[in-house]
Amino acid sequence: MQTRQLGHTGIDVSRLCLGTMTFGEQNSETEAHEQLDRAVSFGINFIDTAEMYPVPPMAETQGRTEAYIGSWLKKRGVRDDVIIASKVAGPGMEHIRDGSRLSREHIHQAVDASLKRLNSDYIDLYQLHWPERSSNFFGRLGYSHAENESDSVVALEESLGALKELVEAGKIRAVGLSNETPWGVMHALRLSDTLDLPRVASVQNPYNLLNRSFEVGLAEIAHREDVGLLAYSPLAFGVLSGKYLDGARPESARLTLYERFQRYTSAQGAAATRAYVEIARRYELDPAQMALAFVNSRPFLTSNIIGATCMDQLESNLASESLRLSGEMLDEIEAVHSQFTDPCP
């Protein structure tokens, strides 16, 4: 398993990261522990979670994912052998702290609650799950600026100040952003330089064959500022496996169970998916493994966050780590991308 350094932190993380947002909803505690055991035995040392998981987020299940990871850490006694990343929810989750915010008070409360669920004294990477401000995340297009927004949102300076206190207290080791824009990342870096606040080590954004928007602006920042990508949804909610083509809805699959996961199901997205699947099949490759291998190959990547609801899916995802795409295949992928440029941003 290849490893890459997490920003300037000196922390080495595996190129594949185990995503856990299905733990507690689509996966039982026993299944979660099986996935964690297998991932670690394969060489993965990086586990990503969040206070609001599992997804879909609900009051009755909130925090269950971290609790499952915590029971595994306690049972296995491997806390210092793995890198745990978690996140504090941005505004909008009314069932979390009566309305989640990125204020100093909320961030401290969130970290303490996560530490308790995780059975840990520290979190290696703590991320702001999405911005406090109104911005273009979760596929939102058409930015509209609110002139008086600063009167109602928590300033990023306050959020980073709270994270600095938590670093100094030994509760977190490094900080990161998620669902961020180029402006947001550079603003955070500017604040860290001018106000002696923690420097962000990574940005966790969507990245896959149907959504390569990270390459515009953020990829350059990743290289120049050493703030690498933690790629989530590398299979576009499983769409890039090809299993949803022609309207198929396999039993117990995510898009079958939950209407909210429609980001990658547009007509253009389906046409692009079909083209990518055809490339994989011509080369006798599993389409999902090809899609993951493409993400693995990106020079701005720090880690690729894989997720699975069964062990067969996990094994397939793990196998992508050793898959190398030829120059000819990459050229064919670029040809499809030229025809269907980011159909699902």
# chains A, B, ... in the order shown; residues from 1 in each chain; ligands from 1
>>> residues_around(residues="segment 14-23 of chain A", least_positions_apart="3", cutoff="6 Å", atoms="only C-alpha atoms", output="PyMOL selection string")
chain A and resi 2-3+26-27+32+44-49+53-55+65+303-307
>>> write_last_selection(atoms="all heavy atoms", output="compact mmCIF listing (two decimals), in the first residue's frame")
# COMPACT_ATOMS: atom_id res chain seq x y z
N GLN A 2 0.69 2.10 -0.98
CA GLN A 2 1.42 3.37 -1.01
C GLN A 2 0.91 4.28 0.11
O GLN A 2 -0.25 4.23 0.50
CB GLN A 2 1.23 4.06 -2.35
CG GLN A 2 1.90 3.39 -3.52
CD GLN A 2 1.87 4.26 -4.76
OE1 GLN A 2 1.79 5.49 -4.68
NE2 GLN A 2 1.93 3.64 -5.92
N THR A 3 1.80 5.12 0.61
CA THR A 3 1.42 6.13 1.58
C THR A 3 1.84 7.50 1.07
O THR A 3 2.78 7.61 0.27
CB THR A 3 2.05 5.88 2.96
OG1 THR A 3 3.47 5.93 2.84
CG2 THR A 3 1.62 4.55 3.54
N GLN A 26 -26.57 1.16 6.75
CA GLN A 26 -26.55 -0.01 5.87
C GLN A 26 -25.65 -1.14 6.39
O GLN A 26 -25.71 -2.25 5.87
CB GLN A 26 -26.09 0.40 4.47
CG GLN A 26 -27.10 1.27 3.73
CD GLN A 26 -26.55 1.77 2.41
OE1 GLN A 26 -25.96 2.84 2.34
NE2 GLN A 26 -26.75 0.99 1.37
N ASN A 27 -24.83 -0.83 7.38
CA ASN A 27 -23.93 -1.84 7.95
C ASN A 27 -24.10 -1.92 9.46
O ASN A 27 -24.12 -0.89 10.14
CB ASN A 27 -22.47 -1.54 7.63
CG ASN A 27 -22.14 -1.73 6.17
OD1 ASN A 27 -21.91 -0.78 5.45
ND2 ASN A 27 -22.12 -2.97 5.71
N ALA A 32 -19.33 -3.59 10.35
CA ALA A 32 -18.37 -2.49 10.39
C ALA A 32 -17.01 -2.98 10.88
O ALA A 32 -15.96 -2.65 10.31
CB ALA A 32 -18.89 -1.37 11.29
N ILE A 44 -4.39 -0.53 4.85
CA ILE A 44 -4.99 0.79 5.06
C ILE A 44 -4.79 1.21 6.51
O ILE A 44 -5.05 0.44 7.44
CB ILE A 44 -6.50 0.76 4.72
CG1 ILE A 44 -6.70 0.64 3.21
CG2 ILE A 44 -7.21 2.00 5.26
CD1 ILE A 44 -8.14 0.53 2.78
N ASN A 45 -4.30 2.44 6.70
CA ASN A 45 -4.13 2.96 8.06
C ASN A 45 -4.99 4.19 8.30
O ASN A 45 -4.92 4.80 9.37
CB ASN A 45 -2.67 3.30 8.35
CG ASN A 45 -2.20 4.58 7.64
OD1 ASN A 45 -2.85 5.05 6.69
ND2 ASN A 45 -1.08 5.12 8.08
N PHE A 46 -5.83 4.57 7.33
CA PHE A 46 -6.55 5.83 7.34
C PHE A 46 -8.04 5.54 7.31
O PHE A 46 -8.54 4.84 6.43
CB PHE A 46 -6.13 6.63 6.12
CG PHE A 46 -6.48 8.10 6.14
CD1 PHE A 46 -6.76 8.77 7.31
CD2 PHE A 46 -6.47 8.82 4.94
CE1 PHE A 46 -7.05 10.12 7.31
CE2 PHE A 46 -6.75 10.17 4.93
CZ PHE A 46 -7.04 10.83 6.11
N ILE A 47 -8.78 6.07 8.30
CA ILE A 47 -10.22 5.83 8.44
C ILE A 47 -10.92 7.18 8.56
O ILE A 47 -10.55 8.01 9.39
CB ILE A 47 -10.52 4.98 9.68
CG1 ILE A 47 -9.80 3.63 9.58
CG2 ILE A 47 -12.01 4.77 9.86
CD1 ILE A 47 -9.68 2.91 10.91
N ASP A 48 -11.93 7.40 7.71
CA ASP A 48 -12.63 8.68 7.70
C ASP A 48 -14.06 8.51 8.20
O ASP A 48 -14.77 7.59 7.81
CB ASP A 48 -12.67 9.25 6.28
CG ASP A 48 -13.36 10.61 6.24
OD1 ASP A 48 -12.78 11.59 6.72
OD2 ASP A 48 -14.51 10.67 5.74
N THR A 49 -14.47 9.44 9.08
CA THR A 49 -15.82 9.42 9.62
C THR A 49 -16.28 10.86 9.83
O THR A 49 -15.64 11.81 9.38
CB THR A 49 -15.86 8.58 10.92
OG1 THR A 49 -17.22 8.43 11.33
CG2 THR A 49 -15.04 9.21 12.03
N TYR A 53 -22.51 11.18 10.74
CA TYR A 53 -22.73 9.86 10.13
C TYR A 53 -23.46 8.93 11.09
O TYR A 53 -23.31 9.05 12.29
CB TYR A 53 -21.39 9.22 9.75
CG TYR A 53 -20.67 9.87 8.60
CD1 TYR A 53 -19.36 9.52 8.29
CD2 TYR A 53 -21.28 10.85 7.81
CE1 TYR A 53 -18.68 10.11 7.22
CE2 TYR A 53 -20.60 11.44 6.75
CZ TYR A 53 -19.30 11.07 6.47
OH TYR A 53 -18.63 11.65 5.43
N PRO A 54 -24.26 7.97 10.56
CA PRO A 54 -24.35 7.56 9.16
C PRO A 54 -25.22 8.47 8.32
O PRO A 54 -25.93 9.34 8.82
CB PRO A 54 -24.95 6.17 9.25
CG PRO A 54 -25.82 6.24 10.47
CD PRO A 54 -25.06 7.11 11.44
N VAL A 55 -25.13 8.24 6.99
CA VAL A 55 -25.92 8.95 6.01
C VAL A 55 -26.91 7.97 5.41
O VAL A 55 -26.54 6.83 5.11
CB VAL A 55 -24.99 9.54 4.91
CG1 VAL A 55 -25.80 10.14 3.77
CG2 VAL A 55 -24.06 10.59 5.52
N THR A 65 -21.90 5.91 13.69
CA THR A 65 -20.72 5.48 12.94
C THR A 65 -19.47 5.60 13.80
O THR A 65 -18.65 4.67 13.89
CB THR A 65 -20.56 6.32 11.66
OG1 THR A 65 -21.75 6.20 10.87
CG2 THR A 65 -19.36 5.86 10.86
N SER A 303 -5.35 10.91 -0.54
CA SER A 303 -5.96 9.61 -0.26
C SER A 303 -7.32 9.53 -0.93
O SER A 303 -8.04 10.52 -1.04
CB SER A 303 -6.09 9.39 1.24
OG SER A 303 -6.38 8.04 1.54
N ASN A 304 -7.67 8.31 -1.35
CA ASN A 304 -8.91 8.02 -2.04
C ASN A 304 -9.84 7.30 -1.07
O ASN A 304 -9.53 6.20 -0.60
CB ASN A 304 -8.61 7.13 -3.26
CG ASN A 304 -9.82 6.85 -4.12
OD1 ASN A 304 -10.92 7.33 -3.86
ND2 ASN A 304 -9.63 6.04 -5.14
N ILE A 305 -10.98 7.91 -0.75
CA ILE A 305 -11.87 7.38 0.27
C ILE A 305 -12.85 6.39 -0.34
O ILE A 305 -13.81 6.76 -1.02
CB ILE A 305 -12.63 8.51 0.98
CG1 ILE A 305 -11.65 9.53 1.56
CG2 ILE A 305 -13.53 7.94 2.08
CD1 ILE A 305 -12.31 10.76 2.14
N ILE A 306 -12.59 5.11 -0.11
CA ILE A 306 -13.46 4.05 -0.63
C ILE A 306 -14.51 3.71 0.41
O ILE A 306 -14.30 3.86 1.61
CB ILE A 306 -12.66 2.80 -1.02
CG1 ILE A 306 -11.91 2.24 0.21
CG2 ILE A 306 -11.68 3.11 -2.15
CD1 ILE A 306 -11.24 0.89 -0.02
N GLY A 307 -15.66 3.24 -0.06
CA GLY A 307 -16.71 2.82 0.86
C GLY A 307 -17.43 1.61 0.30
O GLY A 307 -17.51 1.43 -0.92
>>> residues_around(residues="Val154 of chain A", least_positions_apart="6", cutoff="9 Å", atoms="only C-alpha atoms", output="PyMOL selection string")
chain A and resi 101-104+132-133
>>> write_last_selection(atoms="all heavy atoms", output="mmCIF file, in the first residue's frame")
data_model
loop_
_atom_site.group_PDB
_atom_site.id
_atom_site.type_symbol
_atom_site.label_atom_id
_atom_site.label_comp_id
_atom_site.auth_asym_id
_atom_site.auth_seq_id
_atom_site.Cartn_x
_atom_site.Cartn_y
_atom_site.Cartn_z
ATOM 1 N N ARG A 101 -23.317 24.555 14.060
ATOM 2 C CA ARG A 101 -22.585 25.736 13.592
ATOM 3 C C ARG A 101 -21.097 25.442 13.707
ATOM 4 O O ARG A 101 -20.671 24.455 14.302
ATOM 5 C CB ARG A 101 -22.934 26.967 14.445
ATOM 6 C CG ARG A 101 -24.401 27.358 14.461
ATOM 7 C CD ARG A 101 -24.909 27.779 13.086
ATOM 8 N NE ARG A 101 -24.210 28.914 12.534
ATOM 9 C CZ ARG A 101 -24.517 30.206 12.810
ATOM 10 N NH1 ARG A 101 -25.516 30.477 13.652
ATOM 11 N NH2 ARG A 101 -23.840 31.202 12.257
ATOM 12 N N LEU A 102 -20.291 26.345 13.140
ATOM 13 C CA LEU A 102 -18.843 26.210 13.234
ATOM 14 C C LEU A 102 -18.268 27.248 14.187
ATOM 15 O O LEU A 102 -17.171 27.776 13.984
ATOM 16 C CB LEU A 102 -18.210 26.316 11.832
ATOM 17 C CG LEU A 102 -18.639 25.219 10.854
ATOM 18 C CD1 LEU A 102 -17.976 25.432 9.497
ATOM 19 C CD2 LEU A 102 -18.294 23.834 11.397
ATOM 20 N N SER A 103 -19.003 27.514 15.245
ATOM 21 C CA SER A 103 -18.556 28.447 16.282
ATOM 22 C C SER A 103 -17.573 27.762 17.227
ATOM 23 O O SER A 103 -17.466 26.528 17.244
ATOM 24 C CB SER A 103 -19.757 28.949 17.084
ATOM 25 O OG SER A 103 -20.355 27.874 17.800
ATOM 26 N N ARG A 104 -16.875 28.564 18.012
ATOM 27 C CA ARG A 104 -15.935 28.013 18.992
ATOM 28 C C ARG A 104 -16.651 27.039 19.916
ATOM 29 O O ARG A 104 -16.168 25.923 20.174
ATOM 30 C CB ARG A 104 -15.294 29.140 19.798
ATOM 31 C CG ARG A 104 -14.348 28.629 20.892
ATOM 32 C CD ARG A 104 -13.803 29.787 21.733
ATOM 33 N NE ARG A 104 -12.894 29.277 22.741
ATOM 34 C CZ ARG A 104 -13.270 28.786 23.930
ATOM 35 N NH1 ARG A 104 -14.567 28.733 24.237
ATOM 36 N NH2 ARG A 104 -12.363 28.334 24.790
ATOM 37 N N GLU A 132 -19.306 27.443 6.716
ATOM 38 C CA GLU A 132 -20.366 28.169 7.410
ATOM 39 C C GLU A 132 -21.050 29.143 6.450
ATOM 40 O O GLU A 132 -22.268 29.337 6.506
ATOM 41 C CB GLU A 132 -19.768 28.936 8.601
ATOM 42 C CG GLU A 132 -20.726 29.861 9.339
ATOM 43 C CD GLU A 132 -21.535 29.158 10.418
ATOM 44 O OE1 GLU A 132 -21.162 28.038 10.802
ATOM 45 O OE2 GLU A 132 -22.530 29.728 10.878
ATOM 46 N N ARG A 133 -20.274 29.734 5.576
ATOM 47 C CA ARG A 133 -20.804 30.736 4.647
ATOM 48 C C ARG A 133 -21.610 30.070 3.525
ATOM 49 O O ARG A 133 -21.492 28.862 3.287
ATOM 50 C CB ARG A 133 -19.649 31.540 4.026
ATOM 51 C CG ARG A 133 -18.819 30.729 3.062
ATOM 52 C CD ARG A 133 -17.572 31.439 2.568
ATOM 53 N NE ARG A 133 -16.967 30.699 1.463
ATOM 54 C CZ ARG A 133 -16.190 29.631 1.608
ATOM 55 N NH1 ARG A 133 -15.900 29.168 2.816
ATOM 56 N NH2 ARG A 133 -15.686 29.024 0.534
#
>>> atom_distance(atom1="atom CA of Gly242 of chain A", atom2="atom CA of Ser326 of chain A")
21.0 Å
>>> closest_residue(among="A:Leu163, A:Leu301, A:Leu229, A:Val82", to="Ser41 of chain A", atoms="only C-alpha atoms")
A:Val82
>>> closest_residue(among="A:Glu66, A:Glu25, A:Val336, A:Glu158", to="Leu257 of chain A", atoms="only C-alpha atoms")
A:Glu25
>>> select_by_dssp(residues="segment 20-251 of chain A", states="alpha helix (DSSP H)", output="VMD selection string")
chain A and resid 29 to 42 64 to 76 104 to 118 156 to 168 182 to 195 218 to 225
>>> residues_around(residues="Asp81 of chain A", least_positions_apart="2", cutoff="10 Å", atoms="only C-alpha atoms", output="MDAnalysis selection string")
chainID A and resid 40 45:46 73 77:79 83:84
>>> write_last_selection(atoms="C-alpha atoms", output="short mmCIF file (atom, residue, chain, number, x, y, z; two decimals), in the first residue's frame")
data_model
loop_
_atom_site.label_atom_id
_atom_site.label_comp_id
_atom_site.auth_asym_id
_atom_site.auth_seq_id
_atom_site.Cartn_x
_atom_site.Cartn_y
_atom_site.Cartn_z
CA VAL A 40 -6.20 -2.72 8.16
CA ASN A 45 -4.13 2.96 8.06
CA PHE A 46 -6.55 5.83 7.34
CA LEU A 73 -10.70 0.53 18.56
CA GLY A 77 -6.40 -1.99 20.95
CA VAL A 78 -4.95 -0.48 17.78
CA ARG A 79 -5.62 3.23 18.31
CA ILE A 83 -5.11 7.56 11.50
CA ILE A 84 -8.64 8.68 12.36
#
>>> residues_around(residues="segment 180-182 of chain A", least_positions_apart="3", cutoff="8 Å", atoms="only C-alpha atoms", output="list in words")
Trp130, Pro131, Ser135, Asn136, Phe137, Leu177, Val185, Met186, Val203, Gln204, Asn205, Gly217, Leu218 and Ile221 of chain A
>>> write_last_selection(atoms="all heavy atoms", output="tab-separated table (two decimals), in the first residue's frame")
chain	number	residue	atom	x	y	z
A	130	TRP	N	-18.44	21.30	5.97
A	130	TRP	CA	-18.76	22.21	4.86
A	130	TRP	C	-18.72	23.62	5.43
A	130	TRP	O	-18.80	23.82	6.64
A	130	TRP	CB	-20.11	21.89	4.20
A	130	TRP	CG	-21.31	21.92	5.10
A	130	TRP	CD1	-22.09	22.98	5.42
A	130	TRP	CD2	-21.90	20.79	5.79
A	130	TRP	NE1	-23.11	22.62	6.26
A	130	TRP	CE2	-23.01	21.28	6.50
A	130	TRP	CE3	-21.57	19.43	5.86
A	130	TRP	CZ2	-23.81	20.45	7.29
A	130	TRP	CZ3	-22.36	18.61	6.65
A	130	TRP	CH2	-23.47	19.11	7.34
A	131	PRO	N	-18.59	24.63	4.57
A	131	PRO	CA	-18.40	26.00	5.07
A	131	PRO	C	-19.60	26.53	5.83
A	131	PRO	O	-20.75	26.13	5.60
A	131	PRO	CB	-18.17	26.81	3.78
A	131	PRO	CG	-17.74	25.81	2.76
A	131	PRO	CD	-18.45	24.54	3.11
A	135	SER	N	-21.95	29.11	-0.08
A	135	SER	CA	-20.95	28.90	-1.12
A	135	SER	C	-21.37	27.75	-2.03
A	135	SER	O	-22.44	27.16	-1.84
A	135	SER	CB	-19.58	28.63	-0.50
A	135	SER	OG	-18.57	28.59	-1.48
A	136	ASN	N	-20.53	27.44	-3.01
A	136	ASN	CA	-20.85	26.39	-3.98
A	136	ASN	C	-20.29	25.05	-3.53
A	136	ASN	O	-19.16	24.71	-3.83
A	136	ASN	CB	-20.29	26.76	-5.35
A	136	ASN	CG	-20.97	27.98	-5.93
A	136	ASN	OD1	-20.74	29.08	-5.48
A	136	ASN	ND2	-21.82	27.77	-6.91
A	137	PHE	N	-21.08	24.30	-2.79
A	137	PHE	CA	-20.70	22.95	-2.40
A	137	PHE	C	-21.89	22.02	-2.56
A	137	PHE	O	-23.00	22.48	-2.78
A	137	PHE	CB	-20.15	22.90	-0.96
A	137	PHE	CG	-21.03	23.56	0.07
A	137	PHE	CD1	-22.03	22.85	0.70
A	137	PHE	CD2	-20.82	24.88	0.44
A	137	PHE	CE1	-22.83	23.44	1.67
A	137	PHE	CE2	-21.61	25.48	1.41
A	137	PHE	CZ	-22.62	24.76	2.03
A	177	LEU	N	-10.22	20.84	5.63
A	177	LEU	CA	-11.48	21.39	5.14
A	177	LEU	C	-12.19	20.33	4.32
A	177	LEU	O	-11.59	19.34	3.90
A	177	LEU	CB	-11.22	22.63	4.28
A	177	LEU	CG	-10.43	23.77	4.94
A	177	LEU	CD1	-10.12	24.86	3.91
A	177	LEU	CD2	-11.21	24.34	6.12
A	185	VAL	N	-10.17	27.67	0.55
A	185	VAL	CA	-8.89	27.09	0.95
A	185	VAL	C	-7.83	28.19	1.09
A	185	VAL	O	-7.09	28.23	2.08
A	185	VAL	CB	-8.43	26.03	-0.06
A	185	VAL	CG1	-7.04	25.50	0.33
A	185	VAL	CG2	-9.43	24.87	-0.11
A	186	MET	N	-7.77	29.10	0.11
A	186	MET	CA	-6.76	30.16	0.18
A	186	MET	C	-7.04	31.12	1.32
A	186	MET	O	-6.11	31.63	1.96
A	186	MET	CB	-6.69	30.91	-1.15
A	186	MET	CG	-6.12	30.09	-2.30
A	186	MET	SD	-4.49	29.36	-1.92
A	186	MET	CE	-3.50	30.84	-1.64
A	203	VAL	N	-8.03	18.88	1.82
A	203	VAL	CA	-9.41	19.27	1.51
A	203	VAL	C	-10.13	18.03	1.00
A	203	VAL	O	-9.68	17.37	0.06
A	203	VAL	CB	-9.47	20.43	0.50
A	203	VAL	CG1	-8.72	20.12	-0.79
A	203	VAL	CG2	-10.92	20.80	0.19
A	204	GLN	N	-11.22	17.68	1.65
A	204	GLN	CA	-12.01	16.50	1.27
A	204	GLN	C	-13.17	16.94	0.40
A	204	GLN	O	-14.15	17.51	0.88
A	204	GLN	CB	-12.51	15.75	2.51
A	204	GLN	CG	-13.25	14.49	2.14
A	204	GLN	CD	-13.69	13.65	3.32
A	204	GLN	OE1	-14.72	12.97	3.27
A	204	GLN	NE2	-12.92	13.66	4.40
A	205	ASN	N	-13.04	16.68	-0.89
A	205	ASN	CA	-14.05	17.09	-1.87
A	205	ASN	C	-14.41	15.90	-2.76
A	205	ASN	O	-13.64	14.93	-2.84
A	205	ASN	CB	-13.51	18.22	-2.75
A	205	ASN	CG	-13.72	19.59	-2.13
A	205	ASN	OD1	-13.84	19.72	-0.92
A	205	ASN	ND2	-13.75	20.62	-2.95
A	217	GLY	N	-8.56	25.03	-10.33
A	217	GLY	CA	-8.25	25.85	-9.16
A	217	GLY	C	-7.68	25.07	-8.00
A	217	GLY	O	-6.57	25.33	-7.55
A	218	LEU	N	-8.42	24.09	-7.51
A	218	LEU	CA	-7.99	23.37	-6.31
A	218	LEU	C	-6.79	22.48	-6.56
A	218	LEU	O	-5.95	22.31	-5.67
A	218	LEU	CB	-9.15	22.55	-5.76
A	218	LEU	CG	-10.20	23.37	-4.98
A	218	LEU	CD1	-11.46	22.56	-4.75
A	218	LEU	CD2	-9.62	23.85	-3.65
A	221	ILE	N	-3.73	24.56	-6.19
A	221	ILE	CA	-3.52	24.85	-4.76
A	221	ILE	C	-2.94	23.64	-4.05
A	221	ILE	O	-2.03	23.76	-3.22
A	221	ILE	CB	-4.85	25.29	-4.11
A	221	ILE	CG1	-5.30	26.64	-4.66
A	221	ILE	CG2	-4.71	25.36	-2.58
A	221	ILE	CD1	-6.71	27.04	-4.24
>>> residues_around(residues="segment 268-275 of chain A", least_positions_apart="3", cutoff="10 Å", atoms="only C-alpha atoms", output="PyMOL selection string")
chain A and resi 209-211+236+239-242+244-247+263-265+278-280+287+332-333+335-337+339-345
>>> atom_distance(atom1="atom CA of Met52 of chain A", atom2="atom CA of Val88 of chain A")
7.8 Å
>>> atom_distance(atom1="atom CA of Ala231 of chain A", atom2="atom CA of Arg76 of chain A")
27.4 Å
>>> closest_residue(among="A:Gln5, A:Asn119, A:Ser322, A:Thr309", to="Val227 of chain A", atoms="only C-alpha atoms")
A:Gln5
>>> residues_around(residues="Ala293 of chain A", least_positions_apart="4", cutoff="9 Å", atoms="only C-alpha atoms", output="PyMOL selection string")
chain A and resi 288-289+297+320-325
>>> select_by_dssp(residues="segment 132-344 of chain A", states="strand (DSSP E)", output="PyMOL selection string")
chain A and resi 172-178+200-206+228-232+301-306
>>> residues_around(residues="Leu6 of chain A", least_positions_apart="6", cutoff="9 Å", atoms="only C-alpha atoms", output="list in words")
Asp12, Val13, Ala174, Ala201, Ser202, Asp226, Val227, Gly228, Thr302 and Ser303 of chain A
